[in-house]
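J.: If it helps, the file is called coords-v3.cif and holds mmCIF, C-alpha atoms:
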```cif
data_entry
#
loop_
_atom_site.label_atom_id
_atom_site.label_comp_id
_atom_site.auth_asym_id
_atom_site.auth_seq_id
_atom_site.Cartn_x
_atom_site.Cartn_y
_atom_site.Cartn_z
CA MET J 1 -17.37 20.60 53.43
CA PRO J 2 -19.37 23.22 51.48
CA THR J 3 -23.14 22.71 51.69
CA GLN J 4 -23.62 22.43 47.92
CA ALA J 5 -21.24 19.46 47.93
CA LEU J 6 -23.64 17.37 50.02
CA PRO J 7 -26.30 16.74 47.36
CA LEU J 8 -23.55 16.00 44.85
CA LEU J 9 -21.99 13.52 47.25
CA TYR J 10 -25.41 11.95 47.82
CA GLN J 11 -26.01 11.67 44.07
CA GLU J 12 -22.68 9.93 43.59
CA PHE J 13 -23.14 7.69 46.59
CA ALA J 14 -26.83 6.81 46.52
CA PRO J 15 -27.08 4.84 43.27
CA SER J 16 -24.36 2.36 44.19
CA VAL J 17 -25.87 1.87 47.66
CA PHE J 18 -29.31 1.20 46.15
CA ALA J 19 -27.77 -1.08 43.55
CA ASP J 20 -26.01 -3.09 46.28
CA GLU J 21 -29.25 -3.33 48.25
CA PHE J 22 -31.11 -4.54 45.17
CA ALA J 23 -28.30 -6.95 44.26
CA SER J 24 -27.96 -8.43 47.75
CA GLU J 25 -31.71 -9.13 47.95
CA ASN J 26 -31.60 -10.89 44.60
CA TYR J 27 -28.46 -12.85 45.50
CA MET J 28 -30.37 -14.05 48.57
CA ALA J 29 -33.41 -15.04 46.47
CA SER J 30 -31.13 -16.86 44.05
CA ALA J 31 -29.32 -18.67 46.87
CA GLN J 32 -32.62 -19.78 48.39
CA GLY J 33 -33.70 -21.11 44.98
CA TYR J 34 -30.48 -23.09 44.55
CA ALA J 35 -30.69 -24.39 48.13
CA GLU J 36 -34.29 -25.52 47.64
CA SER J 37 -33.53 -27.11 44.28
CA GLY J 38 -30.49 -28.85 45.81
CA ALA J 39 -32.52 -30.13 48.77
CA MET J 40 -35.16 -31.51 46.37
CA ALA J 41 -32.47 -33.26 44.34
CA GLU J 42 -31.24 -34.88 47.58
CA LYS J 43 -34.77 -35.99 48.46
CA LEU J 44 -35.28 -37.41 45.00
CA THR J 45 -31.97 -39.28 45.53
CA LEU J 46 -30.74 -38.19 42.14
CA SER J 47 -27.41 -39.93 42.31
CA SER J 48 -26.10 -40.18 38.75
CA VAL J 49 -24.48 -37.19 37.07
CA SER J 50 -26.97 -37.24 34.18
CA THR J 51 -29.91 -36.68 36.53
CA THR J 52 -28.20 -34.39 39.04
CA VAL J 53 -26.82 -31.89 36.57
CA ARG J 54 -29.38 -29.33 35.47
CA PRO J 55 -28.90 -27.36 32.28
CA GLU J 56 -28.80 -23.64 33.03
CA TRP J 57 -31.75 -21.46 32.16
CA ASP J 58 -31.30 -20.66 28.44
CA TYR J 59 -31.43 -16.90 28.96
CA ALA J 60 -29.28 -16.56 32.08
CA TYR J 61 -26.79 -13.69 32.25
CA PRO J 62 -24.03 -14.50 29.73
CA ARG J 63 -21.18 -14.65 32.25
CA LEU J 64 -23.21 -16.27 35.04
CA MET J 65 -21.49 -19.64 34.73
CA ASN J 66 -18.04 -18.04 35.13
CA VAL J 67 -18.98 -17.44 38.74
CA PHE J 68 -19.77 -21.08 39.45
CA LYS J 69 -16.26 -22.46 39.21
CA ASP J 70 -14.36 -24.38 41.86
CA PRO J 71 -10.71 -23.45 42.68
CA ARG J 72 -9.51 -25.87 39.99
CA GLY J 73 -11.66 -24.16 37.36
CA TYR J 74 -14.30 -26.88 37.05
CA ALA J 75 -17.93 -25.85 36.81
CA ILE J 76 -19.98 -26.30 39.97
CA SER J 77 -23.05 -28.34 39.09
CA ASN J 78 -24.23 -29.07 42.64
CA GLU J 79 -27.10 -26.70 43.44
CA SER J 80 -26.29 -26.56 47.16
CA GLN J 81 -22.72 -25.47 46.37
CA ARG J 82 -24.12 -22.82 44.05
CA ALA J 83 -26.25 -21.66 46.97
CA VAL J 84 -23.03 -21.23 49.01
CA VAL J 85 -21.57 -19.03 46.23
CA MET J 86 -24.71 -16.89 46.10
CA TYR J 87 -24.95 -16.50 49.90
CA ARG J 88 -21.32 -15.31 49.88
CA ALA J 89 -22.14 -12.85 47.07
CA ALA J 90 -25.10 -11.61 49.15
CA GLN J 91 -22.76 -11.20 52.12
CA GLU J 92 -20.28 -9.20 50.03
CA ALA J 93 -23.00 -6.85 48.77
CA ALA J 94 -24.43 -6.52 52.32
CA LYS J 95 -20.95 -5.76 53.67
CA ARG J 96 -20.42 -3.03 51.07
CA ARG J 97 -23.48 -1.19 52.28
CA GLY J 98 -22.96 -2.02 55.97
CA ASP J 99 -26.11 -4.11 56.35
CA LYS J 100 -25.15 -6.29 59.32
CA ALA J 101 -28.58 -7.90 59.62
CA LEU J 102 -28.61 -9.20 56.05
CA TYR J 103 -24.96 -10.25 56.39
CA ALA J 104 -25.85 -12.35 59.44
CA LYS J 105 -29.02 -13.70 57.79
CA ALA J 106 -26.96 -14.96 54.84
CA ALA J 107 -24.43 -16.50 57.27
CA ARG J 108 -27.23 -18.35 59.11
CA ARG J 109 -28.58 -19.74 55.82
CA LEU J 110 -25.02 -20.67 54.85
CA MET J 111 -24.74 -22.69 58.06
CA SER J 112 -27.73 -24.82 57.14
CA VAL J 113 -26.52 -25.34 53.56
CA ALA J 114 -23.11 -26.31 54.98
CA ALA J 115 -24.89 -29.01 57.01
CA VAL J 116 -26.48 -30.38 53.81
CA LEU J 117 -23.09 -30.33 52.08
CA ASN J 118 -21.41 -31.84 55.14
CA SER J 119 -18.83 -29.07 54.98
CA PRO J 120 -17.58 -28.12 58.48
CA GLU J 121 -15.27 -25.46 57.02
CA ASP J 122 -18.22 -23.52 55.58
CA ALA J 123 -20.18 -24.02 58.80
CA VAL J 124 -17.37 -22.69 60.99
CA ARG J 125 -16.77 -19.71 58.71
CA ALA J 126 -20.51 -18.90 58.70
CA CYS J 127 -20.57 -19.18 62.50
CA GLN J 128 -17.65 -16.76 62.76
CA ASP J 129 -19.48 -14.36 60.43
CA ILE J 130 -22.56 -14.44 62.65
CA CYS J 131 -20.48 -13.78 65.78
CA ASN J 132 -18.65 -10.91 64.10
CA SER J 133 -21.69 -9.22 62.62
CA THR J 134 -24.29 -9.17 65.34
CA SER J 135 -24.71 -9.93 69.00
CA GLU J 136 -27.51 -12.41 69.22
CA ILE J 137 -28.21 -15.75 70.82
CA ILE J 138 -26.87 -18.58 68.68
CA VAL J 139 -28.62 -21.85 69.29
CA LEU J 140 -25.86 -24.42 69.34
CA PRO J 141 -26.92 -27.62 67.57
CA ILE J 142 -26.56 -29.75 70.71
CA ASN J 143 -29.52 -31.51 72.22
CA LEU J 144 -29.00 -31.46 75.98
CA ALA J 145 -32.27 -33.19 76.83
CA GLY J 146 -31.05 -36.77 76.72
CA ARG J 147 -27.60 -36.09 78.20
CA GLN J 148 -26.35 -37.01 81.64
CA LEU J 149 -24.99 -33.67 82.80
CA ARG J 150 -22.83 -33.32 85.86
CA ASN J 151 -24.09 -30.91 88.49
CA SER J 152 -21.02 -28.73 87.91
CA ASP J 153 -21.96 -28.55 84.17
CA ILE J 154 -25.51 -27.50 84.99
CA VAL J 155 -24.20 -24.72 87.24
CA LEU J 156 -21.78 -23.67 84.49
CA LEU J 157 -24.50 -23.60 81.80
CA ARG J 158 -26.79 -21.55 84.05
CA GLY J 159 -23.97 -19.11 84.70
CA ILE J 160 -23.21 -18.82 81.01
CA SER J 161 -26.84 -18.21 80.02
CA GLN J 162 -27.04 -15.42 82.62
CA THR J 163 -23.81 -13.86 81.39
CA TRP J 164 -25.12 -14.13 77.81
CA LEU J 165 -27.92 -11.66 78.57
CA THR J 166 -25.54 -8.93 79.68
CA ASN J 167 -22.30 -9.75 77.86
CA PRO J 168 -22.46 -12.34 75.06
CA LYS J 169 -18.74 -12.05 74.33
CA ASP J 170 -17.82 -13.01 77.89
CA ALA J 171 -20.21 -15.94 77.71
CA VAL J 172 -18.48 -17.23 74.58
CA TYR J 173 -15.07 -16.90 76.26
CA LYS J 174 -16.41 -18.77 79.27
CA ILE J 175 -17.63 -21.64 77.06
CA LEU J 176 -14.30 -21.79 75.23
CA GLU J 177 -12.36 -21.64 78.52
CA GLU J 178 -14.33 -24.61 79.77
CA LEU J 179 -14.40 -26.62 76.56
CA GLU J 180 -10.79 -26.25 75.42
CA PRO J 181 -9.09 -28.30 78.21
CA ARG J 182 -11.80 -30.93 77.99
CA LEU J 183 -11.37 -31.26 74.21
CA ARG J 184 -7.58 -31.45 74.60
CA ALA J 185 -8.00 -34.20 77.18
CA LEU J 186 -10.43 -36.05 74.93
CA VAL J 187 -8.09 -35.93 71.93
CA LYS J 188 -5.13 -36.98 74.08
CA ASP J 189 -7.15 -39.86 75.45
CA ARG J 190 -8.23 -41.00 71.97
CA LEU J 191 -4.69 -40.78 70.61
CA SER J 192 -3.18 -42.75 73.45
CA ASN J 193 -5.64 -45.66 72.95
CA MET E 194 -21.78 4.30 -1.43
CA GLN E 195 -21.35 0.86 -3.02
CA ASN E 196 -21.62 -2.23 -0.91
CA ASP E 197 -20.09 -5.62 -1.45
CA PRO E 198 -22.56 -7.88 -3.40
CA GLU E 199 -22.51 -10.47 -0.62
CA SER E 200 -23.10 -7.78 1.95
CA ASN E 201 -26.04 -6.51 -0.16
CA GLN E 202 -27.52 -9.98 -0.13
CA TYR E 203 -27.62 -9.92 3.68
CA LEU E 204 -28.99 -6.38 3.70
CA ASN E 205 -31.85 -7.45 1.41
CA ARG E 206 -32.64 -10.36 3.72
CA ALA E 207 -32.57 -8.05 6.71
CA GLU E 208 -34.92 -5.62 4.96
CA LYS E 209 -37.34 -8.45 4.19
CA GLU E 210 -37.35 -9.58 7.85
CA VAL E 211 -37.93 -5.98 9.02
CA ASN E 212 -40.94 -5.64 6.65
CA ASP E 213 -42.34 -9.03 7.70
CA ALA E 214 -41.96 -8.04 11.35
CA ALA E 215 -43.81 -4.77 10.75
CA ALA E 216 -46.67 -6.72 9.13
CA ALA E 217 -46.75 -9.20 12.04
CA ARG E 218 -46.84 -6.27 14.50
CA ASP E 219 -49.85 -4.75 12.69
CA THR E 220 -51.59 -8.13 12.75
CA ALA E 221 -50.87 -8.46 16.46
CA SER E 222 -52.27 -5.02 17.17
CA ASN E 223 -55.48 -5.77 15.19
CA LEU E 224 -55.95 -9.13 16.89
CA GLN E 225 -55.44 -7.54 20.30
CA SER E 226 -58.09 -4.90 19.60
CA LYS E 227 -60.51 -7.71 18.63
CA GLY E 228 -59.81 -9.44 21.95
CA GLU E 229 -57.97 -12.39 20.42
CA VAL E 230 -55.20 -12.15 22.96
CA GLU E 231 -53.39 -15.46 22.45
CA LYS E 232 -53.25 -15.01 18.66
CA ALA E 233 -51.98 -11.46 19.20
CA ALA E 234 -49.30 -12.76 21.57
CA ALA E 235 -48.18 -15.33 18.99
CA ALA E 236 -48.01 -12.60 16.30
CA TYR E 237 -45.87 -10.36 18.57
CA ALA E 238 -43.57 -13.35 19.18
CA ASP E 239 -43.28 -13.83 15.38
CA ALA E 240 -42.43 -10.14 14.96
CA GLY E 241 -39.79 -10.45 17.70
CA GLU E 242 -38.21 -13.47 16.02
CA GLN E 243 -38.19 -11.75 12.60
CA MET E 244 -36.49 -8.67 14.05
CA ARG E 245 -33.95 -10.91 15.76
CA LEU E 246 -33.21 -12.58 12.39
CA ALA E 247 -32.90 -9.11 10.84
CA SER E 248 -30.26 -8.27 13.45
CA VAL E 249 -28.35 -11.44 12.52
CA HIS E 250 -28.39 -10.40 8.82
CA PHE E 251 -27.25 -6.86 9.71
CA GLU E 252 -24.41 -8.38 11.71
CA ALA E 253 -23.38 -10.60 8.79
CA ALA E 254 -23.43 -7.58 6.42
CA ARG E 255 -21.39 -5.60 8.96
CA MET E 256 -18.76 -8.33 9.30
CA ILE E 257 -18.39 -8.70 5.52
CA GLY E 258 -18.41 -4.91 5.14
CA SER E 259 -15.63 -4.48 7.68
CA LEU E 260 -13.32 -6.28 5.22
CA SER E 261 -13.93 -3.72 2.46
CA LYS E 262 -12.78 -0.08 2.54
CA HIS E 263 -16.14 1.29 1.33
CA SER E 264 -18.08 -0.20 4.20
CA ASN E 265 -20.48 1.73 6.36
CA THR E 266 -19.91 -0.28 9.52
CA PRO E 267 -21.16 2.25 12.12
CA LYS E 268 -24.50 2.62 10.29
CA LEU E 269 -24.88 -1.16 10.08
CA LEU E 270 -24.14 -1.47 13.79
CA ASP E 271 -26.89 1.10 14.48
CA SER E 272 -29.31 -0.92 12.35
CA GLU E 273 -28.37 -4.09 14.21
CA LEU E 274 -28.86 -2.43 17.60
CA GLU E 275 -32.19 -0.97 16.50
CA ALA E 276 -33.38 -4.39 15.25
CA LEU E 277 -32.37 -6.02 18.54
CA GLU E 278 -34.21 -3.39 20.59
CA LYS E 279 -37.38 -3.69 18.49
CA SER E 280 -37.17 -7.47 18.77
CA GLY E 281 -36.90 -7.10 22.54
CA ASN E 282 -39.97 -4.83 22.62
CA ASP E 283 -41.96 -7.35 20.54
CA PHE E 284 -40.99 -10.22 22.83
CA GLU E 285 -41.94 -8.08 25.83
CA ASN E 286 -45.38 -7.40 24.32
CA ALA E 287 -45.83 -11.13 23.71
CA ALA E 288 -44.72 -11.91 27.28
CA ARG E 289 -47.23 -9.44 28.77
CA LEU E 290 -50.07 -11.04 26.82
CA TRP E 291 -49.01 -14.61 27.70
CA THR E 292 -48.61 -13.85 31.43
CA SER E 293 -51.31 -15.69 33.44
CA ARG E 294 -52.55 -17.35 30.22
CA ASN E 295 -49.47 -19.49 29.69
CA ASP E 296 -46.74 -18.60 32.15
CA ILE E 297 -44.25 -21.07 30.69
CA VAL E 298 -44.39 -19.35 27.28
CA ALA E 299 -44.34 -15.96 29.01
CA VAL E 300 -41.06 -16.87 30.76
CA GLU E 301 -39.60 -17.86 27.40
CA MET E 302 -40.59 -14.46 25.97
CA TRP E 303 -39.13 -12.48 28.92
CA GLY E 304 -35.96 -14.56 28.54
CA ARG E 305 -35.65 -13.85 24.81
CA ALA E 306 -36.15 -10.14 25.41
CA ALA E 307 -33.49 -10.12 28.16
CA HIS E 308 -31.13 -11.99 25.86
CA ASN E 309 -31.56 -9.29 23.18
CA TYR E 310 -30.92 -6.47 25.66
CA ASN E 311 -27.79 -8.25 26.90
CA ARG E 312 -26.62 -8.54 23.30
CA ILE E 313 -27.10 -4.77 22.85
CA LEU E 314 -25.03 -4.09 25.98
CA SER E 315 -22.36 -6.47 24.77
CA LEU E 316 -22.22 -4.79 21.31
CA ARG E 317 -21.95 -1.41 23.01
CA GLN E 318 -19.20 -2.93 25.16
CA VAL E 319 -20.98 -2.12 28.40
CA THR E 320 -19.44 -4.47 30.96
CA ARG E 321 -20.67 -2.80 34.16
CA MET E 322 -23.93 -1.13 34.97
CA PRO E 323 -23.43 2.58 34.25
CA THR E 324 -24.17 4.56 37.43
CA SER E 325 -26.01 7.15 35.35
CA SER E 326 -28.65 4.56 34.47
CA ILE E 327 -29.64 4.16 38.13
CA SER E 328 -32.22 6.70 39.27
CA SER E 329 -31.17 8.45 42.45
CA LEU E 330 -34.64 9.73 43.31
CA GLY E 331 -37.58 7.59 44.46
CA PRO E 332 -37.53 3.81 44.57
CA PHE E 333 -34.62 1.92 43.01
CA ARG E 334 -35.00 1.90 39.23
CA VAL E 335 -32.62 1.25 36.39
CA GLN E 336 -33.19 3.19 33.20
CA GLY E 337 -32.44 2.58 29.54
CA ILE E 338 -31.42 -0.76 28.05
CA PRO E 339 -29.86 -2.06 31.32
CA GLY E 340 -33.19 -1.26 32.99
CA LYS E 341 -35.09 -3.20 30.36
CA ALA E 342 -32.86 -6.25 30.92
CA VAL E 343 -33.39 -5.93 34.69
CA ASP E 344 -37.19 -5.72 34.21
CA CYS E 345 -37.25 -8.82 32.02
CA TYR E 346 -35.17 -10.84 34.49
CA GLU E 347 -37.35 -9.68 37.37
CA LYS E 348 -40.58 -10.72 35.65
CA ALA E 349 -39.13 -14.06 34.50
CA SER E 350 -37.91 -14.80 38.08
CA ILE E 351 -41.34 -14.17 39.58
CA LEU E 352 -43.08 -16.36 37.00
CA LEU E 353 -40.50 -19.16 37.38
CA HIS E 354 -41.09 -19.04 41.15
CA ASP E 355 -44.87 -19.39 40.66
CA ILE E 356 -44.46 -22.25 38.16
CA GLY E 357 -41.97 -24.05 40.45
CA ILE E 358 -44.26 -23.78 43.48
CA GLN E 359 -47.17 -25.04 41.41
CA TYR E 360 -45.17 -28.11 40.35
CA ARG E 361 -44.13 -28.69 43.95
CA ASN E 362 -47.70 -28.42 45.24
CA ASN E 363 -48.85 -30.89 42.58
CA GLY E 364 -46.18 -33.35 43.74
CA ASP E 365 -44.12 -33.11 40.55
CA TYR E 366 -40.80 -32.72 42.36
CA THR E 367 -38.59 -33.41 39.35
CA GLU E 368 -40.05 -30.48 37.41
CA ALA E 369 -40.21 -28.34 40.57
CA ARG E 370 -36.49 -28.87 41.17
CA LEU E 371 -35.59 -27.91 37.60
CA THR E 372 -37.85 -24.86 37.57
CA LEU E 373 -36.67 -23.58 40.96
CA GLY E 374 -33.09 -24.00 39.74
CA GLU E 375 -33.93 -21.92 36.68
CA MET E 376 -35.57 -19.37 38.96
CA ALA E 377 -32.31 -19.19 40.92
CA ASP E 378 -30.42 -18.63 37.62
CA ALA E 379 -32.83 -15.81 36.77
CA TYR E 380 -32.47 -14.13 40.20
CA ALA E 381 -28.68 -14.44 39.97
CA SER E 382 -28.81 -12.88 36.47
CA LEU E 383 -30.89 -10.05 37.89
CA ALA E 384 -28.32 -9.40 40.63
CA PHE E 385 -25.40 -9.58 38.19
CA ALA E 386 -27.15 -7.30 35.72
CA VAL E 387 -27.14 -4.62 38.42
CA SER E 388 -23.83 -5.20 40.15
CA GLY E 389 -21.69 -6.71 37.41
CA VAL E 390 -20.09 -10.12 37.69
CA ARG E 391 -17.68 -10.46 40.58
CA PRO E 392 -16.49 -14.04 40.83
CA VAL E 393 -16.69 -15.39 44.38
CA SER E 394 -14.44 -18.28 45.33
CA ILE E 395 -16.18 -21.16 47.08
CA ARG E 396 -13.26 -22.15 49.28
#
```
Take the structure from the file and write it as structure tokens.

T.:
Amino acid sequence: MPTQALPLLYQEFAPSVFADEFASENYMASAQGYAESGAMAEKLTLSSVSTTVRPEWDYAYPRLMNVFKDPRGYAISNESQRAVVMYRAAQEAAKRRGDKALYAKAARRLMSVAAVLNSPEDAVRACQDICNSTSEIIVLPINLAGRQLRNSDIVLLRGISQTWLTNPKDAVYKILEELEPRLRALVKDRLSN
Amino acid sequence: MQNDPESNQYLNRAEKEVNDAAAARDTASNLQSKGEVEKAAAAYADAGEQMRLASVHFEAARMIGSLSKHSNTPKLLDSELEALEKSGNDFENAARLWTSRNDIVAVEMWGRAAHNYNRILSLRQVTRMPTSSISSLGPFRVQGIPGKAVDCYEKASILLHDIGIQYRNNGDYTEARLTLGEMADAYASLAFAVSGVRPVSIR
């Protein structure tokens, strides 16, 4: 590539990268606002539609509400669901500029909103996003303190946590290898009773 | 060039609003120099509203004119765009003066200004942020009318955040919830103003 082409390439490339960075940060801020507003509505136990639905800010971007539509075309009025939409938008913008950290951060926040919404599908998808984007320790939401663990399980968990430090992927496979037959057995047992 | 009588009626109204706005702007400037900040802010808000009304009259004249063959539609569109931009500037001046004196009114002013800038972009048929308006040197900055809309949304978001937190700290959770929701709308608008609207499916 000729040297004079580099600044031109930079000029063409840089604005969109900066715009995506700026947009993803603001999508995140928006998502956090919706999540907080949604959590407050839950705490206030606003059950009826008239109190749960909030009129949009009068001066919001004209086509903003087009984004908050469910697959059937109905407007999404639940603030926590709007937070999901905004976290996904933040993830898209982060993906475009290759920001894995922000992508994973949005996925982690999505996981907690999914818990509020009681939506396992969103939680699983967010978990997959975290695993795909960054190698880090994921704290599984299982409290082991009050559980009667078998000695073999304790040995297994110790082994996995050691493997995690050197090769997280292997550790995940080890967990799945161990859990899958047990889950199959559990389901079989439940179905037969 | 002869205009339609009905169109002339709207043009006269627009001219009156433009003159009233200029007088209100002078008053605002005098009041500000005397240190009467809140009165100055109210006068700038009046000027902004009068310019907005002028833009509505220009639009009406333009629509009627487009039906006649002697119309001067492009010139009327320019007048409408100019009125909207001046209205936006007046609302921005009012917002600056209200900030930290009455943040709720300030948010309203930033919102009205943003609304005017969005209207300009819509009349110019700008559907996506033009890359040329984004500065490639120094910190991220958007120039021109899109930049003005971005600035207004940014300032409104920050103020809505402060107001929401204040409500929350005072234990007024109902108002806090509504204000933080509006803040989220403002931040989302800010992001969309830069990146353009890309619908994201929720399932």

J.: Between atom CA of J:Leu186 and atom CA of J:Cys127, what is the distance in Å, rounded to a tenth?

T.: 23.3 Å

J.: Residues of chain J were defined as contacting chain E if any atom lay at most 8 Å from it, counting all atoms listed in the file; please report them as a short mmCIF file (atom, residue, chain, number, x, y, z; two decimals) with C-alpha atoms, in the frame of the given file.

T.:
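This went into out14.cif:
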```cif
data_model
loop_
_atom_site.label_atom_id
_atom_site.label_comp_id
_atom_site.auth_asym_id
_atom_site.auth_seq_id
_atom_site.Cartn_x
_atom_site.Cartn_y
_atom_site.Cartn_z
CA GLN J 11 -26.01 11.67 44.07
CA ALA J 14 -26.83 6.81 46.52
CA PRO J 15 -27.08 4.84 43.27
CA SER J 16 -24.36 2.36 44.19
CA PHE J 18 -29.31 1.20 46.15
CA ALA J 19 -27.77 -1.08 43.55
CA ASP J 20 -26.01 -3.09 46.28
CA PHE J 22 -31.11 -4.54 45.17
CA ALA J 23 -28.30 -6.95 44.26
CA SER J 24 -27.96 -8.43 47.75
CA ASN J 26 -31.60 -10.89 44.60
CA TYR J 27 -28.46 -12.85 45.50
CA ALA J 29 -33.41 -15.04 46.47
CA SER J 30 -31.13 -16.86 44.05
CA ALA J 31 -29.32 -18.67 46.87
CA GLN J 32 -32.62 -19.78 48.39
CA GLY J 33 -33.70 -21.11 44.98
CA TYR J 34 -30.48 -23.09 44.55
CA GLU J 36 -34.29 -25.52 47.64
CA SER J 37 -33.53 -27.11 44.28
CA GLY J 38 -30.49 -28.85 45.81
CA MET J 40 -35.16 -31.51 46.37
CA ALA J 41 -32.47 -33.26 44.34
CA LEU J 44 -35.28 -37.41 45.00
CA ARG J 54 -29.38 -29.33 35.47
CA GLU J 56 -28.80 -23.64 33.03
CA TRP J 57 -31.75 -21.46 32.16
CA ASP J 58 -31.30 -20.66 28.44
CA TYR J 59 -31.43 -16.90 28.96
CA ALA J 60 -29.28 -16.56 32.08
CA TYR J 61 -26.79 -13.69 32.25
CA PRO J 62 -24.03 -14.50 29.73
CA ARG J 63 -21.18 -14.65 32.25
CA LEU J 64 -23.21 -16.27 35.04
CA ASN J 66 -18.04 -18.04 35.13
CA VAL J 67 -18.98 -17.44 38.74
CA PHE J 68 -19.77 -21.08 39.45
CA LYS J 69 -16.26 -22.46 39.21
CA ASP J 70 -14.36 -24.38 41.86
CA PRO J 71 -10.71 -23.45 42.68
CA GLU J 79 -27.10 -26.70 43.44
CA GLN J 81 -22.72 -25.47 46.37
CA VAL J 84 -23.03 -21.23 49.01
CA VAL J 85 -21.57 -19.03 46.23
CA MET J 86 -24.71 -16.89 46.10
CA ARG J 88 -21.32 -15.31 49.88
CA ALA J 89 -22.14 -12.85 47.07
#
```

J.: Would you pick out the contacts of E:Lys209 at 10 Å or less, using only C-alpha atoms, so that residues sharing its chain but fewer than 5 positions from it are not included, and give the list as an MDAnalysis selection string?

T.: chainID E and resid 203:204 214:215 243:244 247

J.: For the selection you just gave me, I'd like the residues written to a file as a PDB file, in the frame of the given file, keeping C-alpha atoms.

T.:
```pdb
ATOM      1  CA  TYR E 203     -27.620  -9.920   3.680  1.00  0.00           C
ATOM      2  CA  LEU E 204     -28.990  -6.380   3.700  1.00  0.00           C
ATOM      3  CA  ALA E 214     -41.960  -8.040  11.350  1.00  0.00           C
ATOM      4  CA  ALA E 215     -43.810  -4.770  10.750  1.00  0.00           C
ATOM      5  CA  GLN E 243     -38.190 -11.750  12.600  1.00  0.00           C
ATOM      6  CA  MET E 244     -36.490  -8.670  14.050  1.00  0.00           C
ATOM      7  CA  ALA E 247     -32.900  -9.110  10.840  1.00  0.00           C
TER       8      ALA E 247
END
```

J.: Check which residues satisfy the PyMOL selection byres ((chain E and resi 268) around 12) in the file shown, then give them as an MDAnalysis selection string.

T.: chainID E and resid 251:252 254:255 258:259 264:267 269:275

J.: Between atom CA of J:Ala114 and atom CA of J:Arg182, what is the spacing in Å?

T.: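 Straight-line distance from atom CA of J:Arg182 to atom CA of J:Ala114 works out to 26.1 Å.
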
J.: Using atom CA of E:Ile358 and atom CA of E:Arg294 as the two end points, give the distance in Å to one decimal.

T.: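 Going from atom CA of E:Ile358 over to atom CA of E:Arg294, I get 16.9 Å.
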
J.: For stretch 283-286 of chain E, find every residue with an atom within 8 Å (counting only C-alpha atoms), except residues of its own chain fewer than 3 positions away, and show them as a count of residues only.

T.: 15

J.: List the residues matched by the PyMOL selection byres ((chain J and resi 109-112) around 12) in the displayed structure as a ChimeraX atom specification, ordered by chain and then by residue number.

T.: /J:28-29,31-32,34-36,39,80-91,102-108,113-130,138-141 /E:395

J.: For a quick check of understanding, using only C-alpha atoms, which of E:Ser261, E:Ala207, E:His250, E:Asn295 has the smallest distance to E:Glu231?

T.: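 The answer is E:Asn295, which sits nearest to E:Glu231.
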
J.: To test your reading of the syntax: which residues would the PyMOL selection byres ((chain E and resi 338) around 8) return for the file shown? Reply as a short mmCIF file (atom, residue, chain, number, x, y, z; two decimals) with C-alpha atoms, in the coordinates of the input.

T.:
```cif
data_model
loop_
_atom_site.label_atom_id
_atom_site.label_comp_id
_atom_site.auth_asym_id
_atom_site.auth_seq_id
_atom_site.Cartn_x
_atom_site.Cartn_y
_atom_site.Cartn_z
CA TYR E 310 -30.92 -6.47 25.66
CA ILE E 313 -27.10 -4.77 22.85
CA LEU E 314 -25.03 -4.09 25.98
CA GLN E 336 -33.19 3.19 33.20
CA GLY E 337 -32.44 2.58 29.54
CA PRO E 339 -29.86 -2.06 31.32
CA GLY E 340 -33.19 -1.26 32.99
CA LYS E 341 -35.09 -3.20 30.36
CA ALA E 342 -32.86 -6.25 30.92
#
```
